[in-house]
>>> print(open('protein-v2.cif').read())   # mmCIF, C-alpha atoms and all ligand atoms
data_target
#
loop_
_atom_site.label_atom_id
_atom_site.label_comp_id
_atom_site.auth_asym_id
_atom_site.auth_seq_id
_atom_site.Cartn_x
_atom_site.Cartn_y
_atom_site.Cartn_z
CA MET A 2 3.73 209.17 32.82
CA ASN A 3 1.33 206.40 33.76
CA VAL A 4 2.37 204.03 36.52
CA VAL A 5 2.86 200.97 34.30
CA GLU A 6 5.16 202.89 31.94
CA TYR A 7 7.07 204.19 34.98
CA LEU A 8 7.46 200.65 36.39
CA LYS A 9 8.51 199.22 33.02
CA GLY A 10 11.37 201.74 32.99
CA LYS A 11 12.30 201.25 36.65
CA ARG A 12 14.57 198.32 35.86
CA THR A 13 18.07 197.36 36.86
CA TYR A 14 20.76 199.44 35.15
CA ARG A 15 24.45 198.60 35.15
CA LYS A 16 26.20 201.18 32.92
CA PHE A 17 26.12 204.88 33.70
CA ARG A 18 27.01 208.36 32.46
CA ARG A 19 29.56 210.32 34.46
CA ASP A 20 27.01 212.92 35.70
CA ALA A 21 26.89 213.29 39.48
CA ILE A 22 23.58 212.88 41.33
CA MET A 23 22.97 216.17 43.09
CA GLY A 24 20.36 218.64 44.33
CA GLU A 25 16.70 217.65 44.29
CA ALA A 26 17.38 214.14 42.94
CA LEU A 27 19.86 213.35 45.71
CA THR A 28 17.60 214.84 48.38
CA ALA A 29 14.63 212.80 47.13
CA ILE A 30 16.63 209.55 47.18
CA LEU A 31 17.89 210.18 50.73
CA THR A 32 14.42 211.17 51.94
CA ALA A 33 12.95 208.02 50.40
CA GLY A 34 15.39 206.07 52.55
CA GLN A 35 13.81 207.69 55.61
CA LEU A 36 10.17 207.13 54.65
CA TYR A 37 9.95 203.33 54.12
CA SER A 38 7.53 201.22 56.13
CA SER A 39 9.05 198.93 58.75
CA ALA A 40 7.78 196.27 61.14
CA GLY A 41 6.62 198.04 64.30
CA ASN A 42 8.01 201.27 62.81
CA LYS A 43 11.36 200.23 64.30
CA GLN A 44 13.33 201.76 61.37
CA GLY A 45 16.39 199.57 61.79
CA ILE A 46 17.90 200.42 58.39
CA LYS A 47 20.94 202.71 58.23
CA TYR A 48 22.89 203.80 55.18
CA VAL A 49 26.35 204.85 54.09
CA VAL A 50 26.40 207.07 51.00
CA VAL A 51 29.50 206.72 48.80
CA ASN A 52 29.74 209.38 46.09
CA LYS A 53 33.34 210.57 46.00
CA PRO A 54 34.80 209.16 42.74
CA GLU A 55 37.84 207.60 44.44
CA ASP A 56 35.62 205.85 47.03
CA VAL A 57 33.13 204.72 44.37
CA LYS A 58 36.01 203.04 42.51
CA VAL A 59 36.99 201.08 45.61
CA VAL A 60 33.40 199.94 46.24
CA ASN A 61 32.99 199.02 42.58
CA SER A 62 36.00 196.69 42.85
CA LEU A 63 34.18 194.78 45.64
CA VAL A 64 30.88 194.06 43.83
CA HIS A 65 29.96 191.56 41.10
CA TRP A 66 27.92 192.55 38.09
CA ALA A 67 25.42 190.64 35.94
CA ALA A 68 25.95 186.96 36.74
CA TYR A 69 24.00 185.91 33.59
CA LEU A 70 26.23 187.86 31.18
CA PRO A 71 29.83 187.37 30.08
CA LYS A 72 32.05 189.74 32.12
CA GLU A 73 33.16 191.71 29.04
CA VAL A 74 29.58 192.83 28.29
CA GLY A 75 27.87 192.68 31.69
CA THR A 76 30.41 194.53 33.82
CA PRO A 77 30.63 198.31 33.44
CA LYS A 78 33.89 199.61 31.99
CA PRO A 79 35.86 202.12 34.12
CA ASP A 80 34.07 205.06 32.44
CA GLU A 81 30.64 203.41 32.90
CA ILE A 82 30.67 202.60 36.63
CA PRO A 83 28.01 204.07 38.98
CA VAL A 84 28.49 207.57 40.36
CA MET A 85 27.08 206.63 43.75
CA PHE A 86 26.61 203.57 45.94
CA ILE A 87 24.43 203.41 49.04
CA ALA A 88 25.18 200.69 51.59
CA VAL A 89 21.99 199.31 53.16
CA ILE A 90 22.75 198.27 56.72
CA GLN A 91 20.60 196.41 59.23
CA ASP A 92 21.30 198.02 62.61
CA THR A 93 21.07 195.16 65.11
CA ASP A 94 21.13 197.70 67.98
CA VAL A 95 17.67 198.83 66.83
CA CYS A 96 16.00 195.49 65.97
CA PRO A 97 16.82 192.02 64.62
CA PRO A 98 17.57 192.06 60.87
CA ASN A 99 14.36 192.02 58.84
CA ASP A 100 14.68 191.53 55.10
CA THR A 101 11.18 192.86 54.42
CA ASP A 102 12.18 196.22 55.93
CA ALA A 103 15.41 196.22 53.91
CA GLY A 104 13.50 195.43 50.71
CA LEU A 105 11.01 198.20 51.32
CA ALA A 106 13.80 200.68 52.02
CA ILE A 107 15.62 199.64 48.84
CA GLY A 108 12.39 199.89 46.83
CA ASN A 109 11.92 203.44 48.11
CA LEU A 110 15.48 204.44 47.15
CA GLN A 111 15.10 202.97 43.66
CA GLY A 112 11.60 204.37 43.17
CA ALA A 113 12.62 207.91 44.11
CA ALA A 114 15.76 207.69 41.97
CA TRP A 115 13.85 206.64 38.86
CA CYS A 116 11.48 209.63 39.26
CA TYR A 117 14.58 211.70 38.41
CA GLY A 118 15.82 209.40 35.65
CA VAL A 119 18.44 207.89 37.96
CA GLY A 120 18.85 204.15 37.37
CA SER A 121 20.02 201.68 39.97
CA CYS A 122 21.15 198.14 40.65
CA ILE A 123 20.75 196.15 43.86
CA MET A 124 24.03 194.37 44.56
CA GLY A 125 23.84 191.26 46.72
CA ALA A 126 26.96 189.57 45.30
CA ILE A 127 29.43 191.69 47.25
CA ASP A 128 32.56 191.22 49.33
CA ARG A 129 30.91 191.95 52.70
CA PRO A 130 34.01 191.67 54.93
CA LYS A 131 36.06 194.07 52.78
CA LEU A 132 33.15 196.47 52.27
CA LYS A 133 32.35 196.53 56.00
CA SER A 134 35.94 197.38 56.73
CA PHE A 135 36.19 200.08 54.01
CA LEU A 136 32.85 201.65 54.99
CA LYS A 137 33.67 201.45 58.72
CA ILE A 138 30.50 199.47 59.50
CA PRO A 139 30.60 198.12 63.08
CA GLU A 140 31.12 194.34 63.33
CA GLU A 141 27.67 193.61 64.85
CA MET A 142 25.75 195.37 62.07
CA VAL A 143 24.66 193.53 58.91
CA LEU A 144 25.58 194.83 55.47
CA HIS A 145 22.46 193.79 53.57
CA SER A 146 23.43 195.05 50.10
CA MET A 147 24.99 197.86 48.11
CA ILE A 148 22.76 199.86 45.76
CA ALA A 149 24.46 201.36 42.69
CA PHE A 150 23.09 204.58 41.19
CA GLY A 151 23.65 206.67 38.07
CA TYR A 152 22.06 208.09 34.94
CA PRO A 153 21.81 205.10 32.56
CA LEU A 154 23.90 204.89 29.40
CA LYS A 155 21.74 202.10 27.97
CA GLU A 156 18.07 201.16 28.14
CA SER A 157 16.45 198.21 29.88
CA HIS A 158 13.05 196.73 29.05
CA PRO A 159 10.84 193.94 30.30
CA VAL A 160 10.17 191.39 27.55
CA ASP A 161 7.77 188.46 27.34
CA PHE A 162 9.00 185.34 29.09
CA LYS A 163 9.48 182.40 26.73
CA ASP A 164 11.47 179.62 28.37
CA ASP A 165 14.24 181.38 30.28
CA ILE A 166 14.30 184.00 33.03
CA LYS A 167 17.87 185.09 32.20
CA TYR A 168 18.23 188.71 31.10
CA TYR A 169 20.22 189.34 27.92
CA LEU A 170 21.48 192.21 25.80
CA ASP A 171 19.94 193.08 22.41
CA GLU A 172 21.96 194.18 19.36
CA ASN A 173 22.18 197.74 20.77
CA GLY A 174 23.49 196.65 24.16
CA ASN A 175 20.17 197.36 25.86
CA THR A 176 19.04 194.89 28.53
CA CYS A 177 15.98 192.70 27.96
CA VAL A 178 14.46 191.28 31.15
CA PRO A 179 12.00 188.39 30.67
CA LYS A 180 8.99 188.66 33.01
CA ARG A 181 6.55 185.81 33.63
CA PRO A 182 3.05 186.49 32.25
CA ILE A 183 0.39 188.02 34.50
CA ASP A 184 -1.89 184.99 34.16
CA GLU A 185 0.90 182.70 35.38
CA ILE A 186 1.61 184.68 38.55
CA TYR A 187 -1.93 185.62 39.64
CA ARG A 188 -4.91 183.50 40.49
CA PHE A 189 -8.24 185.06 41.41
CA LEU A 190 -10.15 183.11 44.03
C1 LIG B 201 18.33 190.77 46.22
C2 LIG B 201 18.93 191.14 44.87
C3 LIG B 201 20.29 191.00 44.69
C4 LIG B 201 20.86 191.36 43.45
N1 LIG B 201 22.22 191.28 43.30
C5 LIG B 201 22.77 191.64 42.12
C6 LIG B 201 24.19 191.63 41.97
O1 LIG B 201 24.94 191.29 42.87
N2 LIG B 201 24.71 192.03 40.77
C7 LIG B 201 23.91 192.44 39.73
O2 LIG B 201 24.44 192.80 38.68
N3 LIG B 201 22.56 192.47 39.85
C8 LIG B 201 21.98 192.09 41.01
N4 LIG B 201 20.61 192.15 41.18
C9 LIG B 201 19.77 192.63 40.07
C10 LIG B 201 18.96 191.49 39.44
O3 LIG B 201 19.81 190.75 38.60
C11 LIG B 201 17.78 192.09 38.68
O4 LIG B 201 16.90 192.69 39.60
C12 LIG B 201 17.02 191.01 37.89
O5 LIG B 201 17.83 190.51 36.86
C13 LIG B 201 15.72 191.53 37.29
O6 LIG B 201 15.95 192.70 36.54
P1 LIG B 201 15.06 193.98 36.80
O7 LIG B 201 15.48 194.51 38.17
O8 LIG B 201 15.39 194.93 35.70
O9 LIG B 201 13.64 193.53 36.81
C14 LIG B 201 20.03 191.82 42.40
C15 LIG B 201 18.66 191.96 42.62
C16 LIG B 201 18.10 191.64 43.84
C17 LIG B 201 16.62 191.83 44.04
#
>>> encode(input="protein-v2.cif", output="structure tokens")
Amino acid sequence: MNVVEYLKGKRTYRKFRRDAIMGEALTAILTAGQLYSSAGNKQGIKYVVVNKPEDVKVVNSLVHWAAYLPKEVGTPKPDEIPVMFIAVIQDTDVCPPNDTDAGLAIGNLQGAAWCYGVGSCIMGAIDRPKLKSFLKIPEEMVLHSMIAFGYPLKESHPVDFKDDIKYYLDENGNTCVPKRPIDEIYRFL
């Protein structure tokens, strides 16, 4: 697949099949979380992997889905929730929190996942105190975000931006994500 087609597909997904992420796909995702670039190669990002169904359910109850969509269509139903979450943690014992490092680590996780057809969603709207307690994350560490993973039930596509950046669902329940045009976001000097 060419890189643009790959990147068009590597969108946010919010509804998933019940198939577990295992074997080579899981190994690739975890390895990608080791291989990100970081300022000074400090590597201050740590992770907690949540993939036991009963734990996934608890985490899912502490995250908020799709702010632009009505809850009844944007939030996964109980049989559509992710099969895995990875907590992205900034370890303040290693270095001060650095959101560029966290973003690069998350990009690696998502990029590796999509190579195996595993979709994902970055979750920033989360109940951090309750999640930190449930995941046993030490007080001084920062829970940056939770990343949801699973094999998508629906599709998601970039569409031309008209006058609104809000994503929406088409008649088949697939997500359409408006992207600003190339000539609006780049300027050649
Ligand atoms: C920092 C960050 C936080 C996000 N938090 C949430 C969230 O809490 N819940 C959610 O459903 N989506 C969340 N998203 C997903 C965005 O809504 C999504 O990336 C955006 O709509 C663009 O869609 P795309 O990723 O398919 O391009 C988050 C994305 C980023 C980058």
>>> axis_aligned_box(input="protein-v2.cif", around="ligand LIG 201 (chain B)", padding_each_side="8 Å", output="lines of an AutoDock Vina configuration file")
center_x = 19.3
center_y = 192.7
center_z = 41.0
size_x = 27.3
size_y = 20.4
size_z = 26.5
>>> closest_residue(input="protein-v2.cif", among="A:Lys137, A:Lys47, A:Lys9, A:Lys180", to="Thr93 in chain A", atoms="all atoms listed in the file")
A:Lys47
>>> atom_distance(input="protein-v2.cif", atom1="CA of Asp56 in chain A", atom2="CA of Val84 in chain A")
9.9 Å
>>> residues_around(input="protein-v2.cif", residues="Pro130 in chain A", least_positions_apart="3", cutoff="10 Å", atoms="all atoms listed in the file", output="count of residues only")
8
>>> atom_distance(input="protein-v2.cif", atom1="CA of Lys72 in chain A", atom2="atom C9 of ligand LIG 201 (chain B)")
14.9 Å
>>> closest_residue(input="protein-v2.cif", among="A:Leu70, A:Asn109, A:Asn61, A:Ser39", to="Lys131 in chain A", atoms="all atoms listed in the file")
A:Asn61
>>> residues_near_ligand(input="protein-v2.cif", ligand="ligand LIG 201 (chain B)", cutoff="9 Å", atoms="all atoms listed in the file", output="VMD selection string")
chain A and resid 9 to 15 64 to 69 75 to 76 104 121 to 127 145 to 148 157 to 159 166 to 168 176 to 180
>>> closest_residue(input="protein-v2.cif", among="A:Arg188, A:Lys78, A:Arg181, A:Lys43", to="Val160 in chain A", atoms="all atoms listed in the file")
A:Arg181
>>> atom_distance(input="protein-v2.cif", atom1="CA of Asn173 in chain A", atom2="CA of Lys58 in chain A")
26.3 Å
>>> residues_around(input="protein-v2.cif", residues="Gly120 in chain A", least_positions_apart="4", cutoff="6 Å", atoms="all atoms listed in the file", output="JSON list (two decimals) with C-alpha atoms, in the frame of the given file")
[["chain", "number", "residue", "atom", "x", "y", "z"],
["A", 14, "TYR", "CA", 20.76, 199.44, 35.15],
["A", 115, "TRP", "CA", 13.85, 206.64, 38.86],
["A", 150, "PHE", "CA", 23.09, 204.58, 41.19],
["A", 151, "GLY", "CA", 23.65, 206.67, 38.07],
["A", 152, "TYR", "CA", 22.06, 208.09, 34.94],
["A", 153, "PRO", "CA", 21.81, 205.10, 32.56]]
>>> residues_around(input="protein-v2.cif", residues="Leu105 in chain A", least_positions_apart="2", cutoff="8 Å", atoms="only C-alpha atoms", output="list in words")
Tyr37, Ser38, Ser39, Thr101, Asp102, Ala103, Ile107, Gly108 and Asn109 of chain A
>>> closest_residue(input="protein-v2.cif", among="A:Leu36, A:Phe162, A:Leu170, A:Val49", to="Pro182 in chain A", atoms="only C-alpha atoms")
A:Phe162
>>> residues_near_point(input="protein-v2.cif", point="(19.1, 198.4, 69.0)", cutoff="12 Å", atoms="all atoms listed in the file", output="ChimeraX atom specification")
/A:43-47,91-98,141-142
>>> closest_residue(input="protein-v2.cif", among="A:Asp165, A:Tyr187, A:Asn175, A:Leu136", to="Val50 in chain A", atoms="all atoms listed in the file")
A:Leu136
>>> closest_residue(input="protein-v2.cif", among="A:Ala113, A:Ile183, A:Glu81, A:Gly174", to="Thr32 in chain A", atoms="all atoms listed in the file")
A:Ala113
>>> decode(input="protein-v2.cif", residues="range 122-145 of chain A", atoms="C-alpha atoms", output="PDB file, in the first residue's frame")
ATOM      1  CA  CYS A 122      -8.271   6.245  19.472  1.00  0.00           C
ATOM      2  CA  ILE A 123      -6.263   8.665  21.602  1.00  0.00           C
ATOM      3  CA  MET A 124      -8.299   9.461  24.706  1.00  0.00           C
ATOM      4  CA  GLY A 125      -7.533  12.736  26.447  1.00  0.00           C
ATOM      5  CA  ALA A 126     -10.983  13.215  28.000  1.00  0.00           C
ATOM      6  CA  ILE A 127     -10.455  10.728  30.818  1.00  0.00           C
ATOM      7  CA  ASP A 128     -10.998  10.513  34.560  1.00  0.00           C
ATOM      8  CA  ARG A 129      -7.310  10.759  35.515  1.00  0.00           C
ATOM      9  CA  PRO A 130      -7.661  10.388  39.309  1.00  0.00           C
ATOM     10  CA  LYS A 131      -9.788   7.225  39.035  1.00  0.00           C
ATOM     11  CA  LEU A 132      -7.660   5.764  36.241  1.00  0.00           C
ATOM     12  CA  LYS A 133      -4.422   6.435  38.142  1.00  0.00           C
ATOM     13  CA  SER A 134      -5.844   4.651  41.137  1.00  0.00           C
ATOM     14  CA  PHE A 135      -7.180   1.673  39.127  1.00  0.00           C
ATOM     15  CA  LEU A 136      -3.949   1.315  37.128  1.00  0.00           C
ATOM     16  CA  LYS A 137      -1.782   1.755  40.256  1.00  0.00           C
ATOM     17  CA  ILE A 138       0.142   4.669  38.736  1.00  0.00           C
ATOM     18  CA  PRO A 139       2.294   6.394  41.396  1.00  0.00           C
ATOM     19  CA  GLU A 140       1.043   9.836  42.462  1.00  0.00           C
ATOM     20  CA  GLU A 141       4.058  11.766  41.063  1.00  0.00           C
ATOM     21  CA  MET A 142       3.732  10.313  37.561  1.00  0.00           C
ATOM     22  CA  VAL A 143       1.544  11.958  34.907  1.00  0.00           C
ATOM     23  CA  LEU A 144      -1.143  10.005  33.087  1.00  0.00           C
ATOM     24  CA  HIS A 145      -0.927  11.664  29.675  1.00  0.00           C
TER      25      HIS A 145
END
